[in-house]
Every structure is written in C-alpha cells, then in structure tokens.
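A.B. asks: This is the structure I have questions about; it appears just below.
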Amino acid sequence: MVLPSPPSAPDGAPPWWRDRRVVPWVVQAVVGLVVLFLIAFLLGNLVRNLTAAGLLLTWRWLSQPAGFDLAETIVPFDAGMPYWRGLLAGLANTLRAVVCGLVGATLLGTLAGMAAFSSNGLLRGLARIYVEVIRNIPLLLQLVFWYFVVFLALPNGAAALQLPGVVLAKSGLYLAGLAEGLRWQLPQLVNGVWQAPLRLSVEFAALLTGLIIYSGAFIAEVVRGGIAAVPKGQWEAAASLGLGWFTTLKQVVLPQALRVIVPGLNTQYISLAKNSSLAVAVGFSDLYSVAETTLNQTGRAVEVYLILLGAYLGLDLLISALMNGLNRLVQIRER
Amino acid sequence: MRHLVHSLPLALLLAGVLTGCAPEGGSGVQSAKLSAIQGRGKLICGVDGKLPGFSFVGPDGTYTGLDVDVCKAVAAAVFADPKKVEYRDLNSSERFAALASGEVDLLSRNTTMTLSRDAAGGNGLSFAPTTFYDGQGVMTTKTSGITTLKALAGKPICVESGTTTELNLADRMRELNVPYTPLKFQTGDQTYAAYLGGRCVAVTSDRSQLAAKRTSFPKPGDHVLLPDVMSKEPLTPATVNADPLWADVVRWTVNTLFQAEELGITQANVAAKVAEAKANPKLADLRRFLGVEGDFGKQLGLPADFVPKVIAAVGNYGEVFDRNVGPKSPLQLDRGVNKQWKEGGLIYSPPFR
C-alpha cells in the first residue's frame, strides 16, 4: 500500500490517485475483482440450483451400457457397450463426414471459384448460377432434399443403377474392392440385399453431398475473392510473356491469391464442421444424433450438452490451428 | 435453424439455473404451478400434434385426440373451461426438457411411464394414471412377405430416436440374436417419410401409433402390423416431480374420467345426475363425487364442482376413448386392456373419499 502523499509535496509529485503509474493498476484490479465475483456468483448459483433440481453434474452414467444400436460405425459398437463408446462412435462418424466434406468442398469450391475467371462465358455463367442458387437456400432444406427427394427415389434390389464395379441403390452406394484374402470383389446381390467390400449408406451420401455442395459455394466465393485481389497488371504481365490462362493462374495468380484465400477458408471449414450436426435430419448417426439419444435415455441434459459443446469447440479449434499453420506457410515473406 | 429451436427449452433451463434464484417450494396447500396457471389464465399443454387419435391439429387449427382431451379435462377442472389451453407441439427428444424448464405445465404426449423417467435421479417426472395401455409393434409392407421378427435379419428398420421404442428394439433383437440396421430420425414425420420412401423394410413404434399413422398413409391397406408385441408401453400424462400438489390435480382429473365411466355418468347426463344428487341426500357417494357435498375440490385447490365440469367438457373415459381411437374413429382400436376393471381391463380409479 502506497501511503498517500500530501498534494503539497515539496518535489511536486502528484497524489497517488492522480498518479499515472498507480491509477491504471487500481482500475484493472477493481474490474478484475468484479469479474471474478460475477463468475463466482454465477457458478455458485449454478451448483446451488442444479443441486436443488437434482441435476448436479455426474459422469458415472458414461460407463453404463448404452442399450441402443447404431446403424453404421467405423468404431465397433453394439448395445452392450457403455455410453462413452457410443459417443466415441458418433464422434468418429462426425469426423468422417467432416474430413470427407472438407476435401470435397475444397475441390469443388476451387474449381467453381477459378471458373468465375474463365474466358468461356458459359462456364462463368454456370459458376455464378451455382454460387447464387446454393448459398441462398438453407442447408437443412438442401439436406432434406438430397435425402428424401433424390436418394430415396433410387431403385432398390435388382433394379438398382449398375455400372461395372459400382452399384447405386436405395440402400447405399456399393463399390468393388479388395475382400478377404485379397480377392477383387464386385458388388453382388444376396437375397435381395446388395453386398460389397466398400459401402456408403445413403444417409452418409446425402449428408456428404449436401455439405460439399453447400460449403463449395461459399469456398468458391472465397477463392474468387482471393483471385480478384491480385492486381490486373499481374494477368497482363503474364499474358505479355505468352503464358496461357491456366499457366498464368497456376504460376502467377494463385500463389499471390492464397494469402487472401486461406483465412477465409478457415471460416468456411469451421462452418462445415458445425453444419455436420444437421446429419440428424437425414438419419445419419453423428455425434449430435448419438448425444441426443443418450440425453433421452439418461436424462443427463447438462452433462451431455457439455460434452457436445466441448467436442465441437475442440474440433473447430483444431481446424483453426491447422489453418493458421497453413496461413503462415503461404504468407509472402518479406526479404 | 431447427437445432436452435430445439435447444431453446434447454437454453432457458440453463439460463434459469445460471442466473435465477432457487425455485420456490409449494407454499402451504396451494401449488406454485397451479397459482401460476390460474394467474396466467390458461394451461400450457405439451402434445405431439401429429398423431391422429391422440393429438392432431385439424385443418381449422383445432386440436383433437385422447391426449388433447386430457389437457382439456385439466383446463376444465382448473378454469371450468376446456378451451383455456395453449398447445405446444413437442417431438420426442425435446419433450422432457420442455417440461423440466417449465415451458409446458403438463406433458400429455403418448409418453411411456418408466422407472428412469419417474425417478428423481433420471428425468424426475411425476406420472398421472396411465390413459392408454399400449405395446410396441412392427409395421411392414404387405409386399415384403415378412411375418416374423426373425425375417427382419439384416434389414433396415426405421425408428424415432429418443424413444423407449429404440431401446426395446435393441433389446429384443439382441435376445433373438438377429442383426439389423436401426435408422434413427428425430421426428415421427421423418421416420415415416423414410419408411414410405422405401428406405426401411419396417418401422417400429407403439401399436396404437402405427395404426394411427397408417390411416394417413396414401394406401393404408398395403401395410400390416406383425403380431409380435415387443414391450409394455403405458402411455401416461406427466408433470414435474418438484410440484407434487400440481401432480395431484392432474392425477385426480384423470381419475375423474375413469370414475365417471364406472358410475355411468356421461357428457349427456351429467347435468341430470347433478340435479338428482342435489335432490336426494341419500346418494352420498354420488354427492361427494359430483361435489354436491364434501370439499374434495378445495382439498386439491380446485373449485368444488370440478368433477361435473370435467365430465361436461370431455365426457367420461369410455366416451373419450370411443371418440378418438375407438369404434367411432378412423383408428378403430379395440378397448383391449383399456377396459374398466369390472370388465377385466386395467382402467381403475381409486375411491373418491
């Protein structure tokens, strides 16, 4: 504690409450105390009210048997396994959708964004129509459209659409692949049910199609914006050297555009990861869907939502960290 | 967005526990919930809204069904007016959060009574008497040729997520050692759309619900119910554990419907019965039941004549059943175990004493 010095100090120093070395610290401390008090008040209230409502946080239910089945998992799961295994299987399904969605949306978006600069008017127009139509329709509506209108209209059984090694039926997409004993195995019809080494359910296909096409439209705009940010003189300089459209784009424009594109991509990737939770609308067992079932069986609403919040936050922070790393790589280094 | 809408009750619940004060306990004999409802001037009742026979919104926006009549009966008991109800459509996933957060006063939405839903350590509900004893069944198309559960091996089955149905299906199929693919949807609409779209070979739910939904299919005759009954599904109105006084009001309103049928009091003759009871002091039982003497209404915090008001509003249980799901309805369900106990059924009201 600094003793207050009288205003009429002989050295002419101001009193402590007007001292610019002291006042900011005092203000900071007061604000800090108020914030701490608020947090303590809210947390105390939370615990008190949750206790009163019999909802105090507990995690023991996580190790109890789940009692429900999931349709398709890459992590093995059945009804006898505990809830945390079910949530893990859901998370794995979410990750599968997000990773596949990121790759697909990036490819589609980059192509559509580059097409906006094509010398071919038809291509330019198509890219424009794609972006404007898709990004102005809610994603949920698109997912329901892909699932109920497109995929569920496919024929089933022997009438399914068949190409060599590929079968598209109402029950899913079946691909030829290596089966047990490293044999090349084509899709085949057994008792009216298609079987193949690689199977994609229509629920997953609908979700993936919806996510890729929707996010692709936004990524196309990010890519278009990045390319447009490169000065026109760069195009003209490349043209004067006799470089073609594609070579100019690849060698001159894109490397400069990337530093504008990458931060924008980050946002779109995060959106895609969050949007994947709409899977529940098309019957795909992602994390959100499993969590909702878990919530209903256990009644542990607060805990389940905390897990969900943590999982999506962690996933998005991970994507963000990776993209920031990429951003540093593509930035123009000053020499 | 849909997610946002669905998590609204939960968000309210969280906001409530984060900033609110501890909930007030019931003060004396008056229920806090009942006071709140009387102050508001209407009952807020959580229903399905899309299930013919139980709760269904007609083209003119009016709700009808067995579950809806329970809401109307409670409103009649509290306000002497069955129209003082606001209905909230809830899906199976959001129903308990809506009740726990206080967004609805009463959940009358074909909800199965189970231990974990009743227990304070589970969902913490308080169940009224069961209004419809049901069982889980499986519906499939006639053309599939499936007649047993075992024939569903390896086939996709549509089911609504967050239901007891989902768990019973898993239990039963594990018992039979039959592998299957459960396709889960958040709402009944999506579940039945996927089934009608041919994505699933079969769909499973309560037998009454399957029969009800079938009436709205394009060709109801093409779909059959398998004979297997997988589980017991006592469909029961529920309130929160926290207010036992309000739970009593709902419990005895439902019992009123049962007792009225037992005593042969109907919507049509209730006024005559009241007059008869008033004229004849020897009919003590009837006089107490109809509120001519005694203070049953006051004990519950309700008007003295709540019983005749309830019966005048919706009729007795038999009339409610017949009108909504029985022979006078498109569902054509048999009374089955939902008969009065004197006829060998399970409908039984404790004495009004």
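By convention in this document, the chains of the structure tokens carry letters A, B, ... by their order, each chain's residues are numbered from 1, and ligands are numbered from 1 in the order they are shown.
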Excluding same-chain residues fewer than 6 positions from Ala128 (chain B), what lies within 9 Å of it counting only C-alpha atoms, as an MDAnalysis selection string?
C.D. replies: chainID B and resid 236:239 247:248 250:252 254:255
A.B. asks: Those selected residues, please, written with N, CA and C atoms and delivered as a JSON list (two decimals), in the first residue's frame.
C.D. replies:
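Output file result-v3.json follows:
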```json
[["chain", "number", "residue", "atom", "x", "y", "z"],
["B", 236, "THR", "N", -48.80, -42.25, -20.59],
["B", 236, "THR", "CA", -49.20, -41.60, -19.35],
["B", 236, "THR", "C", -48.91, -40.11, -19.36],
["B", 237, "PRO", "N", -49.86, -39.28, -18.91],
["B", 237, "PRO", "CA", -49.57, -37.85, -18.77],
["B", 237, "PRO", "C", -48.57, -37.63, -17.63],
["B", 238, "ALA", "N", -47.74, -36.60, -17.75],
["B", 238, "ALA", "CA", -46.71, -36.38, -16.74],
["B", 238, "ALA", "C", -46.57, -34.91, -16.38],
["B", 239, "THR", "N", -46.15, -34.67, -15.14],
["B", 239, "THR", "CA", -45.77, -33.33, -14.67],
["B", 239, "THR", "C", -44.40, -33.46, -14.01],
["B", 247, "ALA", "N", -49.23, -32.22, -9.37],
["B", 247, "ALA", "CA", -49.36, -33.59, -9.86],
["B", 247, "ALA", "C", -50.65, -34.21, -9.35],
["B", 248, "ASP", "N", -51.04, -33.89, -8.09],
["B", 248, "ASP", "CA", -52.30, -34.40, -7.54],
["B", 248, "ASP", "C", -53.49, -33.92, -8.36],
["B", 250, "VAL", "N", -53.61, -33.15, -11.53],
["B", 250, "VAL", "CA", -53.67, -33.89, -12.80],
["B", 250, "VAL", "C", -54.13, -35.33, -12.53],
["B", 251, "ARG", "N", -53.55, -35.95, -11.49],
["B", 251, "ARG", "CA", -53.88, -37.35, -11.18],
["B", 251, "ARG", "C", -55.38, -37.51, -10.97],
["B", 252, "TRP", "N", -55.99, -36.62, -10.17],
["B", 252, "TRP", "CA", -57.40, -36.81, -9.84],
["B", 252, "TRP", "C", -58.31, -36.32, -10.95],
["B", 254, "VAL", "N", -57.63, -37.09, -14.10],
["B", 254, "VAL", "CA", -57.67, -38.30, -14.92],
["B", 254, "VAL", "C", -58.55, -39.35, -14.23],
["B", 255, "ASN", "N", -58.41, -39.48, -12.91],
["B", 255, "ASN", "CA", -59.24, -40.45, -12.19],
["B", 255, "ASN", "C", -60.72, -40.12, -12.32]]
```
A.B. asks: If we count only C-alpha atoms, which residues of chain B reach to within 6 Å of chain A? Please list them as an NGL selection string.
C.D. replies: :B and (17-18 or 22 or 122-123 or 161-162 or 167 or 170 or 181-185 or 197)
A.B. asks: Restricting it to C-alpha atoms, dump the selection as a PDB file, in the first residue's frame.
C.D. replies:
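What follows is the written file result_2.pdb:
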```pdb
ATOM      1  CA  VAL B  17     -30.108 -22.257 -13.209  1.00  0.00           C
ATOM      2  CA  LEU B  18     -27.248 -19.907 -14.053  1.00  0.00           C
ATOM      3  CA  ALA B  22     -33.650 -21.222  -6.130  1.00  0.00           C
ATOM      4  CA  GLY B 122     -33.446 -39.852 -14.014  1.00  0.00           C
ATOM      5  CA  ASN B 123     -35.841 -37.485 -15.776  1.00  0.00           C
ATOM      6  CA  SER B 161     -34.747 -41.512 -31.724  1.00  0.00           C
ATOM      7  CA  GLY B 162     -35.096 -40.739 -28.022  1.00  0.00           C
ATOM      8  CA  LEU B 167     -34.219 -49.403 -26.692  1.00  0.00           C
ATOM      9  CA  ALA B 170     -32.243 -53.186 -29.486  1.00  0.00           C
ATOM     10  CA  THR B 181     -29.797 -51.795 -39.057  1.00  0.00           C
ATOM     11  CA  PRO B 182     -31.583 -49.131 -36.970  1.00  0.00           C
ATOM     12  CA  LEU B 183     -32.194 -45.917 -38.915  1.00  0.00           C
ATOM     13  CA  LYS B 184     -32.953 -43.172 -36.435  1.00  0.00           C
ATOM     14  CA  PHE B 185     -34.808 -39.966 -37.128  1.00  0.00           C
ATOM     15  CA  GLY B 197     -39.809 -43.817 -49.236  1.00  0.00           C
TER      16      GLY B 197
END
```
A.B. asks: Can you list, as a PyMOL selection string, all residues belonging to region 20-261 of chain B that DSSP tags as strand (DSSP E)?
C.D. replies: chain B and resi 43-47+50-51+55-57+63-64+85-89+106-107+125-127+132-141+156-160+181-185+202-206+223-225+232-235+238-240
A.B. asks: Write to file, as a compact mmCIF listing (two decimals), in the first residue's frame, the residues of the selection just made, with C-alpha atoms.
C.D. replies:
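What ended up in part.txt:
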```
# COMPACT_ATOMS: atom_id res chain seq x y z
CA LEU B 43 -52.97 -24.15 -19.18
CA ILE B 44 -49.94 -24.83 -21.41
CA CYS B 45 -50.04 -28.43 -22.51
CA GLY B 46 -47.26 -30.29 -24.37
CA VAL B 47 -48.64 -32.63 -27.05
CA LYS B 50 -49.09 -35.05 -35.45
CA LEU B 51 -50.56 -38.30 -34.18
CA SER B 55 -53.23 -35.30 -30.62
CA PHE B 56 -53.75 -33.93 -34.08
CA VAL B 57 -54.16 -30.43 -35.48
CA TYR B 63 -56.57 -29.96 -31.62
CA THR B 64 -58.32 -33.28 -31.16
CA VAL B 85 -55.47 -24.44 -23.12
CA GLU B 86 -52.48 -23.46 -25.20
CA TYR B 87 -50.96 -26.44 -27.00
CA ARG B 88 -47.26 -26.83 -27.72
CA ASP B 89 -46.15 -29.41 -30.27
CA LEU B 106 -48.40 -30.74 -18.40
CA LEU B 107 -46.97 -33.29 -20.83
CA LEU B 125 -41.17 -36.76 -13.80
CA SER B 126 -44.33 -37.36 -11.84
CA PHE B 127 -46.77 -39.60 -13.68
CA PHE B 132 -53.68 -45.77 -22.67
CA TYR B 133 -52.05 -49.17 -22.19
CA ASP B 134 -50.10 -49.90 -25.35
CA GLY B 135 -47.40 -52.25 -26.62
CA GLN B 136 -44.61 -51.90 -29.17
CA GLY B 137 -45.22 -53.37 -32.60
CA VAL B 138 -43.64 -53.54 -36.03
CA MET B 139 -45.29 -52.47 -39.26
CA THR B 140 -44.11 -53.63 -42.67
CA THR B 141 -45.44 -53.66 -46.21
CA PRO B 156 -33.02 -51.66 -42.11
CA ILE B 157 -35.71 -50.70 -39.57
CA CYS B 158 -36.87 -47.08 -39.11
CA VAL B 159 -37.28 -45.81 -35.54
CA GLU B 160 -37.76 -42.45 -33.86
CA THR B 181 -29.80 -51.79 -39.06
CA PRO B 182 -31.58 -49.13 -36.97
CA LEU B 183 -32.19 -45.92 -38.91
CA LYS B 184 -32.95 -43.17 -36.43
CA PHE B 185 -34.81 -39.97 -37.13
CA ALA B 202 -40.16 -51.98 -41.46
CA VAL B 203 -40.95 -49.28 -38.94
CA THR B 204 -41.40 -49.82 -35.22
CA SER B 205 -43.35 -47.86 -32.62
CA ASP B 206 -46.29 -48.24 -30.24
CA HIS B 223 -49.23 -52.07 -44.63
CA VAL B 224 -49.55 -54.76 -41.97
CA LEU B 225 -48.74 -54.95 -38.27
CA LYS B 232 -45.36 -52.82 -22.41
CA GLU B 233 -45.98 -49.15 -23.22
CA PRO B 234 -48.22 -47.49 -20.64
CA LEU B 235 -48.84 -44.06 -22.19
CA ALA B 238 -46.71 -36.38 -16.74
CA THR B 239 -45.77 -33.33 -14.67
CA VAL B 240 -42.54 -32.45 -12.84
```
A.B. asks: Using only C-alpha atoms, which of the listed residues (B:Ile146, B:Glu293, B:Thr131, B:Thr164) sits closest to Leu115 (chain B)?
C.D. replies: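 The closest residue to Leu115 (chain B) is B:Thr164.
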A.B. asks: Give me, please, the distance in Å between CA of Pro244 (chain B) and CA of Gln267 (chain B), quoted to one decimal.
C.D. replies: 29.2 Å
A.B. asks: Can you tell me, as a ChimeraX atom specification, what residues are no more than 10 Å from region 257-271 of chain A when counting only C-alpha atoms, ignoring any on the same chain fewer than 4 positions away?
C.D. replies: /A:98-99,101-103,105-106,215-216,218-231,249,252-253,275-276,312-313,315-324,326-332
